[in-house]
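The structure file coords.tsv is reproduced below (TSV, C-alpha atoms).
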chain	number	residue	atom	x	y	z
X	534	MET	CA	-20.25	6.76	16.85
X	535	LYS	CA	-22.38	3.68	16.29
X	536	TYR	CA	-23.55	4.93	12.91
X	537	SER	CA	-20.03	5.66	11.68
X	538	LYS	CA	-19.04	2.03	12.36
X	539	ILE	CA	-22.05	0.82	10.40
X	540	ILE	CA	-21.19	3.15	7.52
X	541	VAL	CA	-17.60	1.86	7.48
X	542	VAL	CA	-18.78	-1.77	7.45
X	543	VAL	CA	-21.28	-1.08	4.66
X	544	ALA	CA	-18.65	0.84	2.67
X	545	LEU	CA	-16.16	-2.03	3.00
X	546	PHE	CA	-18.82	-4.52	1.90
X	547	LEU	CA	-19.72	-2.42	-1.13
X	548	PHE	CA	-16.04	-1.95	-1.98
X	549	GLN	CA	-15.43	-5.71	-1.85
X	550	PHE	CA	-18.59	-6.38	-3.83
X	551	GLY	CA	-17.50	-3.88	-6.45
X	552	MET	CA	-14.06	-5.48	-6.69
X	553	ALA	CA	-15.44	-8.98	-7.22
X	554	GLN	CA	-15.13	-10.27	-10.75
X	555	GLU	CA	-18.22	-10.64	-12.84
X	556	LYS	CA	-19.60	-14.15	-13.13
X	557	ALA	CA	-18.39	-15.97	-16.23
X	558	ASN	CA	-21.89	-16.60	-17.55
X	559	ILE	CA	-22.64	-12.87	-17.32
X	560	VAL	CA	-19.45	-12.01	-19.25
X	561	LEU	CA	-20.43	-14.54	-21.92
X	562	ASN	CA	-24.06	-13.40	-22.11
X	563	LYS	CA	-23.05	-9.74	-22.50
X	564	ALA	CA	-20.69	-10.71	-25.33
X	565	LEU	CA	-23.42	-12.76	-27.04
X	566	VAL	CA	-25.89	-9.85	-26.86
X	567	GLU	CA	-23.30	-7.47	-28.30
X	568	ALA	CA	-22.44	-9.99	-31.04
X	569	LYS	CA	-26.08	-10.34	-32.01
X	570	THR	CA	-26.58	-6.57	-32.02
X	571	HIS	CA	-23.53	-5.96	-34.24
X	572	ASN	CA	-23.73	-9.12	-36.38
X	573	LYS	CA	-20.41	-10.50	-35.11
X	574	ASN	CA	-19.09	-13.67	-33.55
X	575	VAL	CA	-17.59	-13.94	-30.07
X	576	LEU	CA	-13.94	-14.73	-29.49
X	577	LEU	CA	-14.01	-16.02	-25.91
X	578	MET	CA	-10.62	-16.34	-24.29
X	579	PHE	CA	-9.87	-18.10	-21.01
X	580	HIS	CA	-6.71	-16.66	-19.49
X	581	ALA	CA	-4.84	-15.93	-16.25
X	582	SER	CA	-2.65	-13.09	-14.97
X	583	TRP	CA	0.42	-15.33	-14.68
X	584	CYS	CA	0.11	-16.77	-18.21
X	585	LYS	CA	2.86	-15.47	-20.49
X	586	TRP	CA	1.18	-16.95	-23.59
X	587	CYS	CA	-2.13	-15.30	-22.67
X	588	LYS	CA	-0.41	-11.93	-22.45
X	589	MET	CA	1.31	-12.54	-25.78
X	590	MET	CA	-1.99	-13.40	-27.48
X	591	GLU	CA	-3.73	-10.34	-26.04
X	592	LYS	CA	-0.79	-8.12	-27.03
X	593	ASN	CA	-0.83	-9.44	-30.59
X	594	MET	CA	-4.59	-9.03	-30.91
X	595	ASN	CA	-4.36	-5.46	-29.63
X	596	LEU	CA	-1.53	-4.26	-31.87
X	597	PRO	CA	-2.62	-1.29	-34.04
X	598	GLU	CA	-2.54	-3.35	-37.24
X	599	ALA	CA	-4.55	-6.27	-35.79
X	600	LYS	CA	-7.06	-4.72	-33.37
X	601	PRO	CA	-9.31	-3.12	-36.03
X	602	ILE	CA	-9.46	-6.44	-37.88
X	603	PHE	CA	-10.49	-8.40	-34.77
X	604	ASP	CA	-12.91	-5.65	-33.69
X	605	LYS	CA	-14.57	-5.65	-37.13
X	606	LYS	CA	-15.67	-9.29	-36.91
X	607	PHE	CA	-15.52	-10.29	-33.23
X	608	VAL	CA	-16.69	-9.32	-29.81
X	609	ILE	CA	-13.75	-10.31	-27.63
X	610	ALA	CA	-14.50	-11.48	-24.11
X	611	TYR	CA	-12.07	-12.67	-21.44
X	612	ILE	CA	-12.71	-15.13	-18.62
X	613	ASP	CA	-10.08	-15.29	-15.90
X	614	VAL	CA	-9.39	-18.83	-14.62
X	615	GLN	CA	-6.71	-20.92	-12.88
X	616	GLU	CA	-5.17	-18.10	-10.87
X	617	ARG	CA	-2.62	-18.72	-8.15
X	618	PRO	CA	-3.98	-18.66	-4.58
X	619	GLU	CA	-2.92	-15.06	-3.91
X	620	LYS	CA	-4.78	-13.87	-7.03
X	621	LYS	CA	-7.94	-16.02	-6.82
X	622	SER	CA	-9.98	-12.83	-6.54
X	623	LEU	CA	-9.18	-12.11	-10.20
X	624	GLU	CA	-11.06	-15.20	-11.37
X	625	ASN	CA	-14.52	-14.93	-12.86
X	626	PRO	CA	-16.78	-17.12	-10.70
X	627	GLY	CA	-17.92	-20.08	-12.77
X	628	GLY	CA	-15.11	-19.55	-15.28
X	629	GLN	CA	-13.44	-22.91	-14.79
X	630	GLU	CA	-16.80	-24.67	-15.06
X	631	LEU	CA	-17.50	-22.83	-18.31
X	632	MET	CA	-14.06	-23.78	-19.64
X	633	ASN	CA	-14.71	-27.41	-18.66
X	634	LYS	CA	-18.07	-27.32	-20.46
X	635	TYR	CA	-16.19	-26.57	-23.68
X	636	LYS	CA	-13.69	-29.41	-23.07
X	637	GLY	CA	-10.91	-27.05	-22.04
X	638	GLU	CA	-10.19	-28.47	-18.58
X	639	LYS	CA	-6.88	-30.02	-19.70
X	640	ALA	CA	-6.10	-27.64	-22.56
X	641	GLY	CA	-3.81	-25.17	-20.83
X	642	LEU	CA	-4.00	-21.42	-21.31
X	643	PRO	CA	-4.93	-19.50	-23.25
X	644	PHE	CA	-7.87	-21.57	-24.33
X	645	TRP	CA	-10.24	-19.86	-26.74
X	646	LEU	CA	-13.47	-20.43	-28.60
X	647	ILE	CA	-15.24	-18.73	-31.45
X	648	LEU	CA	-18.99	-18.70	-30.89
X	649	ASN	CA	-21.83	-17.39	-32.99
X	650	SER	CA	-24.29	-14.97	-31.40
X	651	LYS	CA	-26.47	-17.93	-30.31
X	652	GLY	CA	-23.57	-19.33	-28.28
X	653	GLU	CA	-22.87	-22.21	-30.65
X	654	VAL	CA	-19.21	-23.20	-30.99
X	655	LEU	CA	-17.87	-22.48	-34.46
X	656	ALA	CA	-14.22	-23.21	-33.62
X	657	ASN	CA	-11.96	-23.82	-30.65
X	658	SER	CA	-8.27	-23.62	-30.00
X	659	PHE	CA	-7.62	-27.31	-30.59
X	660	ASP	CA	-5.66	-28.26	-33.69
X	661	GLU	CA	-6.33	-31.36	-35.80
X	662	LYS	CA	-4.29	-33.45	-33.32
X	663	GLY	CA	-6.44	-32.26	-30.40
X	664	GLU	CA	-3.66	-30.06	-28.99
X	665	ASN	CA	-4.34	-26.53	-27.79
X	666	LEU	CA	-2.96	-23.86	-30.13
X	667	GLY	CA	-3.06	-21.38	-27.28
X	668	SER	CA	-1.34	-18.28	-28.56
X	669	PRO	CA	-0.19	-19.43	-31.98
X	670	SER	CA	3.51	-18.91	-32.65
X	671	THR	CA	4.81	-21.57	-35.03
X	672	PRO	CA	4.00	-21.34	-38.74
X	673	GLN	CA	1.72	-24.40	-38.46
X	674	GLU	CA	-0.12	-22.98	-35.42
X	675	ILE	CA	-0.55	-19.60	-37.12
X	676	THR	CA	-1.93	-21.24	-40.26
X	677	SER	CA	-4.39	-23.27	-38.17
X	678	PHE	CA	-5.44	-20.13	-36.29
X	679	THR	CA	-5.95	-18.03	-39.42
X	680	GLU	CA	-7.91	-20.86	-41.06
X	681	LYS	CA	-10.24	-20.92	-38.06
X	682	LEU	CA	-10.63	-17.14	-38.31
X	683	LYS	CA	-11.33	-17.40	-42.04
X	684	LYS	CA	-14.04	-20.03	-41.57
X	685	THR	CA	-15.75	-18.16	-38.75
X	686	SER	CA	-15.52	-14.54	-39.82
X	687	LYS	CA	-15.13	-14.15	-43.56
X	688	LEU	CA	-11.98	-12.09	-43.08
X	689	ASN	CA	-10.34	-11.44	-46.42
X	690	LYS	CA	-6.92	-12.70	-47.51
X	691	GLU	CA	-5.17	-9.41	-46.72
X	692	GLU	CA	-6.65	-9.23	-43.20
X	693	LEU	CA	-5.69	-12.85	-42.50
X	694	GLN	CA	-2.17	-12.15	-43.75
X	695	ILE	CA	-1.85	-9.18	-41.39
X	696	ILE	CA	-2.96	-11.33	-38.44
X	697	GLY	CA	-0.58	-14.09	-39.48
X	698	ASN	CA	2.29	-11.61	-39.69
X	699	VAL	CA	1.49	-10.17	-36.27
X	700	PHE	CA	1.55	-13.59	-34.64
X	701	ALA	CA	4.73	-14.57	-36.53
X	702	LYS	CA	6.72	-11.60	-35.16
X	703	LYS	CA	9.29	-12.61	-32.59
X	704	ASP	CA	9.97	-9.96	-29.98

Before we go any further, please render this structure as structure tokens.
Amino acid sequence: MKYSKIIVVVALFLFQFGMAQEKANIVLNKALVEAKTHNKNVLLMFHASWCKWCKMMEKNMNLPEAKPIFDKKFVIAYIDVQERPEKKSLENPGGQELMNKYKGEKAGLPFWLILNSKGEVLANSFDEKGENLGSPSTPQEITSFTEKLKKTSKLNKEELQIIGNVFAKKD
């Protein structure tokens, strides 16, 4: 009987450990290694489960016409931050600190960066006024977003147009 209690305690510990989110620096380092291996840049997105704009950006990036374009040039990595108290377990430990490091503490969500495989910032989600583009939706935001993609990935005009069209759709 004593051993079965120990097994249950160990099993619960392992279950909780397995359910814990990966540390933010590990998520980033894995993405950087993959980017270096495949000669890509990293699109690092900070998001939360409650964030409607985060979901919209992810949906747009994963549409059949856009996903192959993003996958061709980017390793996409997500860091979960700023969750409500009942969902804190979804956060990547160290995620908020990583977001703060990149000046995103007051940006809102989604906040994203484009990094080269060395971890150097090539672009971020701030526009020329210092405001977070988040999930671009206005023509000006979409243009700013596609310009950042163009400068950091060498996507061609047609690919950038497809991405622009995807983000311009109003559901």

key: Pick from X:Lys605, X:Lys639, X:Lys683, X:Lys563, whichever lies nearest to Leu577 of chain X using all atoms listed in the file   = X:Lys563

query = Hey, can you check how far atom CA of Lys681 of chain X sits from atom CA of Phe579 of chain X?
reply =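 Pair atom CA of Lys681 of chain X / atom CA of Phe579 of chain X returns 17.3 Å.
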
ask   = Near Tyr611 of chain X, counting only C-alpha atoms, which residues have an atom at most 10 Å away, once you skip same-chain residues fewer than 4 positions from it, shown as a VMD selection string?
value = chain X and resid 557 560 to 561 564 576 to 581 591 625 628 645

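Restricting the calculation to all atoms listed in the file, the smallest distance between Thr570 of chain X and any of X:Pro669, X:Ser650, X:Pro618, X:Ala610 is found for X:Ser650.
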
remark   = One decimal place gives the atom CA of Gln615 of chain X-atom CA of Leu648 of chain X separation as 21.9 Å

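The smallest atom-to-atom distance between Ser582 of chain X and any of X:Leu655, X:Met594, X:Leu623, X:Val566, using all atoms listed in the file, is found for X:Leu623.
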
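Atom pair atom CA of Val608 of chain X / atom CA of Asn572 of chain X: separated by 9.6 Å.
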
ask   = From the list X:Val614, X:Leu596, X:Ala640, X:Cys584, which residue is nearest Ser658 of chain X when using only C-alpha atoms?
value =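 Using only C-alpha atoms, the shortest distance to Ser658 of chain X belongs to X:Ala640.
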
query = Near segment 685-692 of chain X, counting all atoms listed in the file, which residues have an atom at most 8 Å away, once you skip same-chain residues fewer than 5 positions from it, shown as a PyMOL selection string?
reply = chain X and resi 573-574+602+606-607+647+655-656

Atoms are missing here; could segment 566-578 of chain X be completed with N, CA, C and O atoms and written as a PDB file, in the coordinates of the input?
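The resulting file, part-v7.pdb, is reproduced below:
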ATOM      1  N   VAL X 566     -24.931 -10.917 -26.524  1.00  0.00           N
ATOM      2  CA  VAL X 566     -25.890  -9.850 -26.860  1.00  0.00           C
ATOM      3  C   VAL X 566     -25.234  -8.835 -27.782  1.00  0.00           C
ATOM      4  O   VAL X 566     -25.817  -8.429 -28.790  1.00  0.00           O
ATOM      5  N   GLU X 567     -24.012  -8.435 -27.450  1.00  0.00           N
ATOM      6  CA  GLU X 567     -23.300  -7.470 -28.300  1.00  0.00           C
ATOM      7  C   GLU X 567     -23.049  -8.055 -29.688  1.00  0.00           C
ATOM      8  O   GLU X 567     -23.192  -7.372 -30.698  1.00  0.00           O
ATOM      9  N   ALA X 568     -22.696  -9.334 -29.745  1.00  0.00           N
ATOM     10  CA  ALA X 568     -22.440  -9.990 -31.040  1.00  0.00           C
ATOM     11  C   ALA X 568     -23.704 -10.008 -31.887  1.00  0.00           C
ATOM     12  O   ALA X 568     -23.655  -9.734 -33.087  1.00  0.00           O
ATOM     13  N   LYS X 569     -24.815 -10.308 -31.261  1.00  0.00           N
ATOM     14  CA  LYS X 569     -26.080 -10.340 -32.010  1.00  0.00           C
ATOM     15  C   LYS X 569     -26.436  -8.941 -32.518  1.00  0.00           C
ATOM     16  O   LYS X 569     -26.831  -8.768 -33.673  1.00  0.00           O
ATOM     17  N   THR X 570     -26.270  -7.954 -31.663  1.00  0.00           N
ATOM     18  CA  THR X 570     -26.580  -6.570 -32.020  1.00  0.00           C
ATOM     19  C   THR X 570     -25.737  -6.082 -33.200  1.00  0.00           C
ATOM     20  O   THR X 570     -26.234  -5.362 -34.060  1.00  0.00           O
ATOM     21  N   HIS X 571     -24.465  -6.479 -33.234  1.00  0.00           N
ATOM     22  CA  HIS X 571     -23.530  -5.960 -34.240  1.00  0.00           C
ATOM     23  C   HIS X 571     -23.189  -6.976 -35.338  1.00  0.00           C
ATOM     24  O   HIS X 571     -22.263  -6.742 -36.113  1.00  0.00           O
ATOM     25  N   ASN X 572     -23.935  -8.081 -35.362  1.00  0.00           N
ATOM     26  CA  ASN X 572     -23.730  -9.120 -36.380  1.00  0.00           C
ATOM     27  C   ASN X 572     -22.271  -9.590 -36.421  1.00  0.00           C
ATOM     28  O   ASN X 572     -21.612  -9.557 -37.460  1.00  0.00           O
ATOM     29  N   LYS X 573     -21.780 -10.003 -35.258  1.00  0.00           N
ATOM     30  CA  LYS X 573     -20.410 -10.500 -35.110  1.00  0.00           C
ATOM     31  C   LYS X 573     -20.431 -11.854 -34.425  1.00  0.00           C
ATOM     32  O   LYS X 573     -21.463 -12.294 -33.935  1.00  0.00           O
ATOM     33  N   ASN X 574     -19.282 -12.475 -34.360  1.00  0.00           N
ATOM     34  CA  ASN X 574     -19.090 -13.670 -33.550  1.00  0.00           C
ATOM     35  C   ASN X 574     -18.340 -13.270 -32.293  1.00  0.00           C
ATOM     36  O   ASN X 574     -17.815 -12.169 -32.203  1.00  0.00           O
ATOM     37  N   VAL X 575     -18.289 -14.183 -31.339  1.00  0.00           N
ATOM     38  CA  VAL X 575     -17.590 -13.940 -30.070  1.00  0.00           C
ATOM     39  C   VAL X 575     -16.295 -14.733 -30.067  1.00  0.00           C
ATOM     40  O   VAL X 575     -16.292 -15.930 -30.365  1.00  0.00           O
ATOM     41  N   LEU X 576     -15.210 -14.060 -29.753  1.00  0.00           N
ATOM     42  CA  LEU X 576     -13.940 -14.730 -29.490  1.00  0.00           C
ATOM     43  C   LEU X 576     -13.805 -14.717 -27.966  1.00  0.00           C
ATOM     44  O   LEU X 576     -13.576 -13.667 -27.362  1.00  0.00           O
ATOM     45  N   LEU X 577     -14.026 -15.868 -27.371  1.00  0.00           N
ATOM     46  CA  LEU X 577     -14.010 -16.020 -25.910  1.00  0.00           C
ATOM     47  C   LEU X 577     -12.682 -16.618 -25.504  1.00  0.00           C
ATOM     48  O   LEU X 577     -12.338 -17.724 -25.931  1.00  0.00           O
ATOM     49  N   MET X 578     -11.932 -15.877 -24.698  1.00  0.00           N
ATOM     50  CA  MET X 578     -10.620 -16.340 -24.290  1.00  0.00           C
ATOM     51  C   MET X 578     -10.570 -16.565 -22.779  1.00  0.00           C
ATOM     52  O   MET X 578     -10.902 -15.679 -21.994  1.00  0.00           O
TER      53      MET X 578
END
